Structures are given as C-alpha cells and as structure tokens.
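Okay, so here's the structure we're looking at.
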Amino acid sequence: MQLERLANIDRRVVYLLIAIGTTLPILLPIGFAVSTTPPVENLYHKIEGCGTDDVVMISFDYGPTTAPECTPMAEAVMRHCFSRGVKVIVLALFPIGGVTMAGETVENISAEYPHLRYGEDYVFLGYKDGAQATMKQMGVAFSGVFPRDQMGTALEELPLMQRVRNYENVSLIVSIATNVIGEWWANLVNAQFGTPVAVGCTAVSAPKYYAFLDTGQMLGLLGGLKGASEYERLILDGYPELRRIYNRTGVYNAMKGMDAQTVDHAIIMIFILFGNIVYFLIRRRDRRLGTA
Amino acid sequence: MAEAVGTWLGAFLTLCIFSFLYRDNPFFRFAESLFAGISLGYYIGIVSNNTLGPNLFQPLFTDFSGRAHLLIPMLLGLNLYTRYLPKIAWLSRISLAVYIAYYVGINMVQKLQGEVVPQVGQTIMNPIGGTYTPIDNLIIIVGVLAVLVYFYFSIEHKGVMGPVSRLGIWFLMLGFGAAFGYTVMGRVSLLIGRMNYLFLETVNATVAVF
C-alpha cells in the first residue's frame with residue numbers, strides 16, 4: 001500500500017514543487033554559467049560581420065503567449081545591431097500580438113540608444129496579414145505591401161527605406177518565431193531570394209528547425225530560452241557596456257530565466273526517476289506475490 | 001497609475017488561469033473566455049488598421065482610378081460572407097477557390113524548392129565526407145533508411161523488414177524524446193515568464209504607485 005501511495009502522488013504536489021522551483025530562483029538568482037553553441041554563435045558572428053551600411057530585418061513572428069522565450073531573443077539581437085550601428089527594419093507577421101510585441105521592443109530598446117534616429121537607423125513597418133503572400137511580395141518591393149510604416153509615414157519619406165527596396169538590400173533576416181512562420185522565411189525567402197535567414201524560435205518548435213540549419217537554409221538558430229541566454233552571454237562578452245542593462249535587479253532576462261529552468265528540470269528529472277523506480281518496485285513485488 | 005492597474009489586472013487574470021491547476025472553476029472559465037474574446041477583437045482591429053486601411057481603403061480613397069484593381073480582392077473578400085445567405089451561399093466558393101488556388105500554388109513551390117529538394121539533397125551524402133564525422137553520417141543514413149522502412153506499408157514488416165522497421169521506431173522514439181525535452185523547456189519558460197510577472201513586475205508596479 002505504501003508503494004501505491006508513492007505511485008499516486010497528487011499531481012498538485014508536483015505543481016507546488018515546480019512553482020517553488022520557479023519562484024525561488026527568480027527572487028534569489030543563482031547565476032548558473034551559460035555555455036554557447038555553434039548555431040547561436042553563427043548568428044552572433046554574422047551580425048558582428050555587419051557594418052553601419054548593412055540592414056538587418058527583424059521579424060516579430062510571435063505573440064504574448066510565447067513572449068518569455070522570444071522577447072529576450074528579440075531584445076538581444078536588436079541591442080547587438082544597435083550597438084554596432086547596423087540598420088534595423090522591424091516588422092511583424094504574427095497576427096495575435098506580433099505588432100504589440102514588436103512595438104514594445106522597439107520602444108524599449110531604442111530608448112537605450114538615444115543617439116539613433118528613427119527613419120535613418122531603424123524603421124518599424126508594423127504588421128501585415130497573410131504571411132507567405134507578404135513575404136513573397138516583399139521580394140519585389142517592400143513598399144508594395146507596406147506602403148506606410150506603423151506610424152503612418154509613407155515609406156518613401158523614410159531615408160533608410162529610400163535605399164532598401166527589397167530583399168536584395170537586406171544583409172540578414174532574423175525571424176523571432178513561434179510555430180511555422182520562421183520556417184517560411186527559410187523555405188520561401190531564403191530558397192527563392194537567397195537572403196541569409198536566422199531564426200529564434202520557441203523550444204517546442206526548435207527540433208524541426210535543425211533540419212533547415214543542416215541544409216544551410218538558415219545560418220543560425222536560437223532555440224528557446226536556452227538559445228536566448230546564449231545570445232545574451234555572447235553580447236555581454238562582446239559588449240561589456242550592456243552589463244548595466246542586463247544586471248538590473250528586478251528585470252527579467254533569459255540568463256536569469258535559465259536559473260529557474262535548470263532547477264525545474266532537476267525537479268522534473270527527479271520525479272521521472274522516482275516514478276520509474278516506484279513502478280519497477282511495484283512490478284517486482286507483484287511478481288513475487290504472484291499477483292501480476 | 002493606469003499602468004499599475006493594468007499590471008494588477010494581468011496578475012489577477014494569471015491567478016484565475018492558474019486556479020485550474022487545483023480544479024475547474026468559474027474564475028478560470030471567465031479568464032479563458034475573456035482571453036478568447038479579446039484575441040478575436042484584437043485580431044479584427046489589427047487587420048483593419050494594418051492591412052485593410054493602408055493596403056485597401058486609403059489607396060482607393062486617394063487614387064481610385066489608379067488603384068481600381070484593388071476592388072477585385074475586396075469583392076472576393078466580401079463574397080465570402082454570402083455563405084450566410086442560404087440562397088446564394090454557393091457564391092462564396094468562388095472566393096474560397098481563388099484563395100485555395102493561390103496558397104496551393106505558393107506552397108507547392110515553397111515545399112518542393114525550399115524543403116523537399118534541399119532536405120533530400122542533404123541526406124544523399126558522402127559517408128566519409130562533409131561536415132560531419134563518418135560515424136554521424138552513418139547514423140543519419142541508417143536512421144533515414146530505417147524510418148523510411150517503418151513508414152513503407154506496401155510490404156508486410158516481416159523478415160528483413162521487421163528488424164529494420166523496429167530500428168526505425170527506435171530512431172523515431174529518440175526524435176520524440178528530444179522534442180519532448182524541448183517541449184518541457186518551452187512550457188517551463190512560459191511558467192517562468194508568468195511567475196516573473198507575478199513576483200517582479202507586479203511588485204515593481206505596486207511599489208511605484210505607493
């Protein structure tokens with residue numbers, strides 16, 4: 001009976017332990033070391049190779065439901081571009097909240113770089129419906145599908161957009177994506193227009209993106225919170241002045257999130273091991289008693 | 001103050017959703033319905049402001065004769081709503097046919113050129129060359145062949161096909177295991193985000209008010 005009780009622990013006990021394992025590292029950060037991997041380093045080095053004349057397009061293809069994973073990626077990539085003076089074009093193709101996420105990020109990050117000018121150093125195109133059709137049309141001309149930016153200014157009035165007509169004038173596309181839109185940047189835009197593509201995606205969709213990485217259709221991949229924390233590590237090592245931003249107390253970032261992630265994984269692994277051990281003990285006991 | 005109220009409201013709704021972990025209750029159902037309703041309203045607003053406005057109405061109002069071709073997608077879009085009028089509901093199929101044909105055309109090329117050809121090309125590899133070690137290459141070749149055999153249903157999985165098919169299952173299980181690990185990481189990340197909201201952002205917003 002004792003074993004049965006162990007095998008049928010109320011699931012709410014597991015929830016409680018996970019809640020504690022998540023909350024404590026948020027309140028008392030541990031600071032686990034973050035090691036970097038080649039898919040993340042590739043994106044970092046690509047942007048490192050960009051100059052002030054290069055244009056990086058960041059597409060917000062996610063909504064608030066996956067913001068804890070995706071926003072740290074978007075912020076880190078944007079900070080990296082802004083720190084190097086690389087020009088940035090921001091757009092959103094995810095319908096439920098993409099443009100809100102993009103707007104908040106542009107507002108927050110551009111405030112950290114007051115010397116950058118809207119329209120010259122960065123542009124926010126806003127959201128457009130019909131992702132694949134939009135991507136395809138942007139290969140002809142951005143203005144064909146985005147006649148105005150998010151603030152309603154005609155694209156031809158923005159100095160940056162006067163020299164950026166289509167993908168030919170873009171050095172890199174970074175899609176921060178949930179689900180399938182990041183895939184379309186690789187199998188549609190990269191395949192048909194040849195523009196380099198990197199994707200920062202939710203952990204759930206990361207495994208399928210590795211296939212595009214192996215074929216060279218994507219040059220970099222940030223997979224979930226771990227990928228975001230790796231990118232933060234790289235920009236902090238490369239740009240120490242960003243430490244004042246990432247070391248702020250009470251502000252969330254992926255490296256802090258990885259503390260809770262690590263503790264939670266340990267709890268889950270312990271429960272998986274525990275459940276299996278109890279299962280085998282019950283099976284052995286039943287065999288011995290001849291009830292199995 | 002308005003920002004703080006928004007944060008408190010968010011915290012309350014988060015707790016309403018979390019309450020489902022204990023058991024189903026009216027607070028959870030209220031928050032769930034509110035989320036679904038707000039998402040739909042948000043989507044309608046975004047599409048109106050960001051797509052219909054700048055890409056359809058504004059060009060038509062400013063230069064009707066030069067942009068008259070925009071009437072075609074507009075009429076096709078409106079035609080979709082004829083499905084609510086039983087006598088002429090069949091008309092909506094014309095718009096659906098155009099919509100489906102467009103995306104089938106885009107997807108066929110996209111899938112073949114952007115997925116099938118590159119993925120097959122990458123799998124047809126030199127076993128002792130390329131970017132991977134010969135052992136990695138061997139695992140990829142054996143794994144792909146074994147999984148393909150598992151999904152080949154024209155021959156019964158007996159004789160040689162049996163063990164190869166079972167090996168295919170093992171490779172699939174390894175793939176599912178990796179995917180599950182990533183899924184756990186993703187879901188935990190979302191929980192971290194919410195806990196962070198409850199314990200840091202809400203507290204910060206409250207402290208800022210008082």
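Labels used: A, B, ... for chains in the order of the structure tokens, numbers from 1 for residues in each chain, and numbers from 1 for ligands as shown.
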Only residues of chain B matter here; which ones have an atom within 8 Å of chain A, counting only C-alpha atoms? Give them as a compact mmCIF listing (two decimals) with C-alpha atoms, in the first residue's frame.
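Final file, iface15.txt:
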```txt
# COMPACT_ATOMS: atom_id res chain seq x y z
CA LEU B 21 -4.35 23.57 -11.63
CA TYR B 22 -6.38 23.00 -8.48
CA SER B 39 -7.86 37.83 -29.02
CA TYR B 42 -7.55 42.38 -31.23
CA TYR B 43 -7.20 40.45 -34.49
CA ILE B 46 -5.12 44.81 -36.20
CA VAL B 47 -6.27 43.58 -39.60
CA ASN B 50 -2.67 47.47 -40.53
CA THR B 51 -3.93 45.73 -43.64
CA PRO B 54 -3.30 51.15 -45.59
CA ASN B 55 -3.49 48.48 -48.31
CA ILE B 106 2.72 29.20 -53.30
CA GLN B 110 7.77 26.51 -51.42
CA LYS B 111 7.64 22.92 -50.19
CA GLN B 113 12.09 24.03 -53.71
CA GLY B 114 12.51 25.03 -50.08
CA GLU B 115 12.10 21.73 -48.28
CA PRO B 118 17.31 20.64 -50.02
CA GLN B 119 16.43 18.04 -47.39
CA GLN B 122 21.45 16.94 -47.70
CA ALA B 178 14.31 15.25 -27.97
CA ALA B 179 11.10 17.02 -29.00
CA PHE B 180 9.53 16.27 -25.61
CA TYR B 182 12.33 20.84 -25.80
CA THR B 183 8.58 20.97 -25.11
CA VAL B 184 9.20 20.76 -21.37
CA MET B 185 11.75 23.56 -21.68
CA GLY B 186 9.26 25.67 -23.63
CA VAL B 188 8.66 25.83 -18.16
CA SER B 189 9.85 29.04 -19.87
CA LEU B 190 6.25 30.22 -20.11
CA LEU B 191 5.73 29.45 -16.43
CA ILE B 192 8.90 31.39 -15.60
CA GLY B 193 7.53 34.32 -17.57
CA MET B 195 5.98 33.87 -12.24
CA ASN B 196 8.29 36.70 -13.12
CA PHE B 199 6.59 38.32 -8.38
CA LEU B 200 8.65 41.04 -10.05
CA GLU B 201 6.59 43.14 -12.44
CA ASN B 204 7.55 46.75 -9.07
```
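Relative to CA of Tyr44 in chain A, CA of Tyr113 in chain A is found at 19.6 Å.
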For range 7-20 of chain B: contacts at 9 Å, only C-alpha atoms, fewer than 4 positions along chain excluded, given as a ChimeraX atom specification:
/B:2-3,24-32,194,197-198,201-202,205-206
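The environment of range 174-181 of chain A within 6 Å, counting only C-alpha atoms and disregarding residues fewer than 6 places along the same chain, consists of Ile58, Ser59, Phe60, Asp61, Tyr62, Val197, Ala198, Val199, Gly200, Cys201 and Thr202 of chain A.
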Let me see the file: selected residues, C-alpha atoms, as a PDB file, in the first residue's frame.
```
ATOM      1  CA  ILE A  58      13.895  41.519 -37.542  1.00  0.00           C
ATOM      2  CA  SER A  59      10.507  39.921 -37.963  1.00  0.00           C
ATOM      3  CA  PHE A  60       8.334  39.522 -34.868  1.00  0.00           C
ATOM      4  CA  ASP A  61       6.533  36.311 -35.676  1.00  0.00           C
ATOM      5  CA  TYR A  62       5.325  35.568 -32.159  1.00  0.00           C
ATOM      6  CA  VAL A 197      17.999  33.809 -42.647  1.00  0.00           C
ATOM      7  CA  ALA A 198      18.386  33.059 -38.942  1.00  0.00           C
ATOM      8  CA  VAL A 199      15.565  32.025 -36.654  1.00  0.00           C
ATOM      9  CA  GLY A 200      14.977  32.415 -32.943  1.00  0.00           C
ATOM     10  CA  CYS A 201      12.174  30.042 -32.093  1.00  0.00           C
ATOM     11  CA  THR A 202      10.265  28.627 -29.156  1.00  0.00           C
TER      12      THR A 202
END
```
Notebook entry, point to check: DSSP says helix (DSSP H, G or I) for which residues of range 15-194 of chain A? Put them as a ChimeraX atom specification?
Noted result: /A:15-27,38-48,64-84,98-111,131-138,142-145,155-157,159-162,167-169,181-193
Expected file contents, prior selection, C-alpha atoms, as an mmCIF file, in the first residue's frame:
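Contents of selection-v4.cif, as written:
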```cif
data_model
loop_
_atom_site.group_PDB
_atom_site.id
_atom_site.type_symbol
_atom_site.label_atom_id
_atom_site.label_comp_id
_atom_site.auth_asym_id
_atom_site.auth_seq_id
_atom_site.Cartn_x
_atom_site.Cartn_y
_atom_site.Cartn_z
ATOM 1 C CA TYR A 15 2.696 21.667 -9.357
ATOM 2 C CA LEU A 16 3.568 23.114 -5.959
ATOM 3 C CA LEU A 17 7.186 21.957 -6.139
ATOM 4 C CA ILE A 18 7.527 23.326 -9.677
ATOM 5 C CA ALA A 19 6.042 26.635 -8.516
ATOM 6 C CA ILE A 20 8.589 26.810 -5.680
ATOM 7 C CA GLY A 21 11.403 25.746 -8.021
ATOM 8 C CA THR A 22 10.426 28.536 -10.416
ATOM 9 C CA THR A 23 9.820 31.292 -7.893
ATOM 10 C CA LEU A 24 12.877 30.947 -5.665
ATOM 11 C CA PRO A 25 15.480 31.427 -8.442
ATOM 12 C CA ILE A 26 13.513 34.456 -9.682
ATOM 13 C CA LEU A 27 13.649 36.061 -6.239
ATOM 14 C CA PRO A 38 27.591 26.967 -32.773
ATOM 15 C CA PRO A 39 24.040 27.675 -34.069
ATOM 16 C CA VAL A 40 23.839 30.708 -31.759
ATOM 17 C CA GLU A 41 27.456 31.755 -32.343
ATOM 18 C CA ASN A 42 26.854 31.706 -36.121
ATOM 19 C CA LEU A 43 24.150 34.365 -35.839
ATOM 20 C CA TYR A 44 26.288 36.433 -33.473
ATOM 21 C CA HIS A 45 29.270 36.313 -35.850
ATOM 22 C CA LYS A 46 27.091 37.162 -38.837
ATOM 23 C CA ILE A 47 25.914 40.379 -37.152
ATOM 24 C CA GLU A 48 29.476 41.021 -35.952
ATOM 25 C CA PRO A 64 2.450 37.423 -25.953
ATOM 26 C CA THR A 65 1.813 33.730 -25.300
ATOM 27 C CA THR A 66 5.461 32.911 -26.069
ATOM 28 C CA ALA A 67 6.978 36.241 -25.053
ATOM 29 C CA PRO A 68 9.042 34.875 -22.105
ATOM 30 C CA GLU A 69 11.070 32.825 -24.591
ATOM 31 C CA CYS A 70 11.024 35.067 -27.641
ATOM 32 C CA THR A 71 11.276 38.620 -26.315
ATOM 33 C CA PRO A 72 14.756 38.123 -24.750
ATOM 34 C CA MET A 73 15.963 36.903 -28.163
ATOM 35 C CA ALA A 74 14.476 39.870 -29.997
ATOM 36 C CA GLU A 75 15.891 42.299 -27.454
ATOM 37 C CA ALA A 76 19.371 40.750 -27.555
ATOM 38 C CA VAL A 77 19.536 40.723 -31.363
ATOM 39 C CA MET A 78 18.259 44.310 -31.565
ATOM 40 C CA ARG A 79 20.747 45.503 -28.908
ATOM 41 C CA HIS A 80 23.536 43.787 -30.824
ATOM 42 C CA CYS A 81 22.547 45.519 -34.075
ATOM 43 C CA PHE A 82 22.121 48.910 -32.411
ATOM 44 C CA SER A 83 25.435 48.558 -30.555
ATOM 45 C CA ARG A 84 27.188 48.017 -33.895
ATOM 46 C CA GLY A 98 3.071 40.313 -33.009
ATOM 47 C CA VAL A 99 2.845 44.028 -33.706
ATOM 48 C CA THR A 100 2.372 44.810 -29.997
ATOM 49 C CA MET A 101 5.454 42.783 -29.084
ATOM 50 C CA ALA A 102 7.418 44.488 -31.859
ATOM 51 C CA GLY A 103 6.236 47.962 -30.825
ATOM 52 C CA GLU A 104 7.123 47.454 -27.162
ATOM 53 C CA THR A 105 10.553 46.056 -28.007
ATOM 54 C CA VAL A 106 11.395 48.824 -30.458
ATOM 55 C CA GLU A 107 10.301 51.449 -27.930
ATOM 56 C CA ASN A 108 12.248 49.906 -25.029
ATOM 57 C CA ILE A 109 15.468 49.128 -26.878
ATOM 58 C CA SER A 110 15.630 52.319 -28.946
ATOM 59 C CA ALA A 111 15.312 54.284 -25.665
ATOM 60 C CA ALA A 131 2.455 35.961 -44.047
ATOM 61 C CA GLN A 132 3.510 33.959 -47.132
ATOM 62 C CA ALA A 133 1.924 36.398 -49.577
ATOM 63 C CA THR A 134 3.560 39.284 -47.696
ATOM 64 C CA MET A 135 6.978 37.596 -47.768
ATOM 65 C CA LYS A 136 6.666 36.893 -51.477
ATOM 66 C CA GLN A 137 5.629 40.456 -52.312
ATOM 67 C CA MET A 138 8.467 41.943 -50.246
ATOM 68 C CA PHE A 142 8.672 46.411 -49.537
ATOM 69 C CA SER A 143 6.529 49.420 -50.416
ATOM 70 C CA GLY A 144 4.173 47.185 -52.391
ATOM 71 C CA VAL A 145 2.987 45.518 -49.230
ATOM 72 C CA LEU A 155 7.947 54.585 -46.881
ATOM 73 C CA GLU A 156 9.494 56.892 -49.494
ATOM 74 C CA GLU A 157 9.732 59.624 -46.834
ATOM 75 C CA PRO A 159 15.681 57.843 -45.534
ATOM 76 C CA LEU A 160 16.510 54.207 -44.685
ATOM 77 C CA MET A 161 13.710 52.861 -46.864
ATOM 78 C CA GLN A 162 14.819 55.004 -49.787
ATOM 79 C CA TYR A 167 15.489 41.614 -50.007
ATOM 80 C CA GLU A 168 18.466 42.422 -52.272
ATOM 81 C CA ASN A 169 19.266 45.346 -49.981
ATOM 82 C CA ILE A 181 6.364 31.457 -39.752
ATOM 83 C CA GLY A 182 10.113 31.140 -39.108
ATOM 84 C CA GLU A 183 10.091 28.073 -41.322
ATOM 85 C CA TRP A 184 8.618 30.113 -44.179
ATOM 86 C CA TRP A 185 11.486 32.599 -44.020
ATOM 87 C CA ALA A 186 13.820 29.651 -44.663
ATOM 88 C CA ASN A 187 11.870 27.608 -47.201
ATOM 89 C CA LEU A 188 10.360 30.544 -49.081
ATOM 90 C CA VAL A 189 12.507 33.662 -48.731
ATOM 91 C CA ASN A 190 15.921 32.012 -48.408
ATOM 92 C CA ALA A 191 15.096 29.410 -51.054
ATOM 93 C CA GLN A 192 13.651 31.836 -53.593
ATOM 94 C CA PHE A 193 15.558 35.062 -52.930
#
```
The distance between CA of Glu112 in chain A and CA of Val5 in chain B is 25.8 Å
*Grab the CA of Gly220 in chain A to CA of Ile235 in chain A distance for me, in Å with one decimal place.*
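It comes out at 15.2 Å.
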Non-local contacts of range 94-99 of chain B (8 Å; only C-alpha atoms; under 2 positions in same chain excluded) as JSON, numbers by chain: {"B": [76, 77, 79, 80, 90, 91, 92, 101, 102, 103]}
Please write the residues from the selection above to a file, keeping C-alpha atoms, as a compact mmCIF listing (two decimals), in the first residue's frame.
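What landed in result14.txt:
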```txt
# COMPACT_ATOMS: atom_id res chain seq x y z
CA LEU B 76 -13.68 38.44 -53.37
CA GLY B 77 -13.37 39.07 -49.64
CA ASN B 79 -18.16 37.48 -51.39
CA LEU B 80 -17.02 35.08 -48.65
CA TRP B 90 -22.61 28.81 -53.34
CA LEU B 91 -21.07 32.12 -54.47
CA SER B 92 -18.66 32.10 -51.53
CA ALA B 101 -5.53 28.09 -55.54
CA TYR B 102 -3.22 30.97 -54.57
CA TYR B 103 -1.89 29.25 -51.47
```
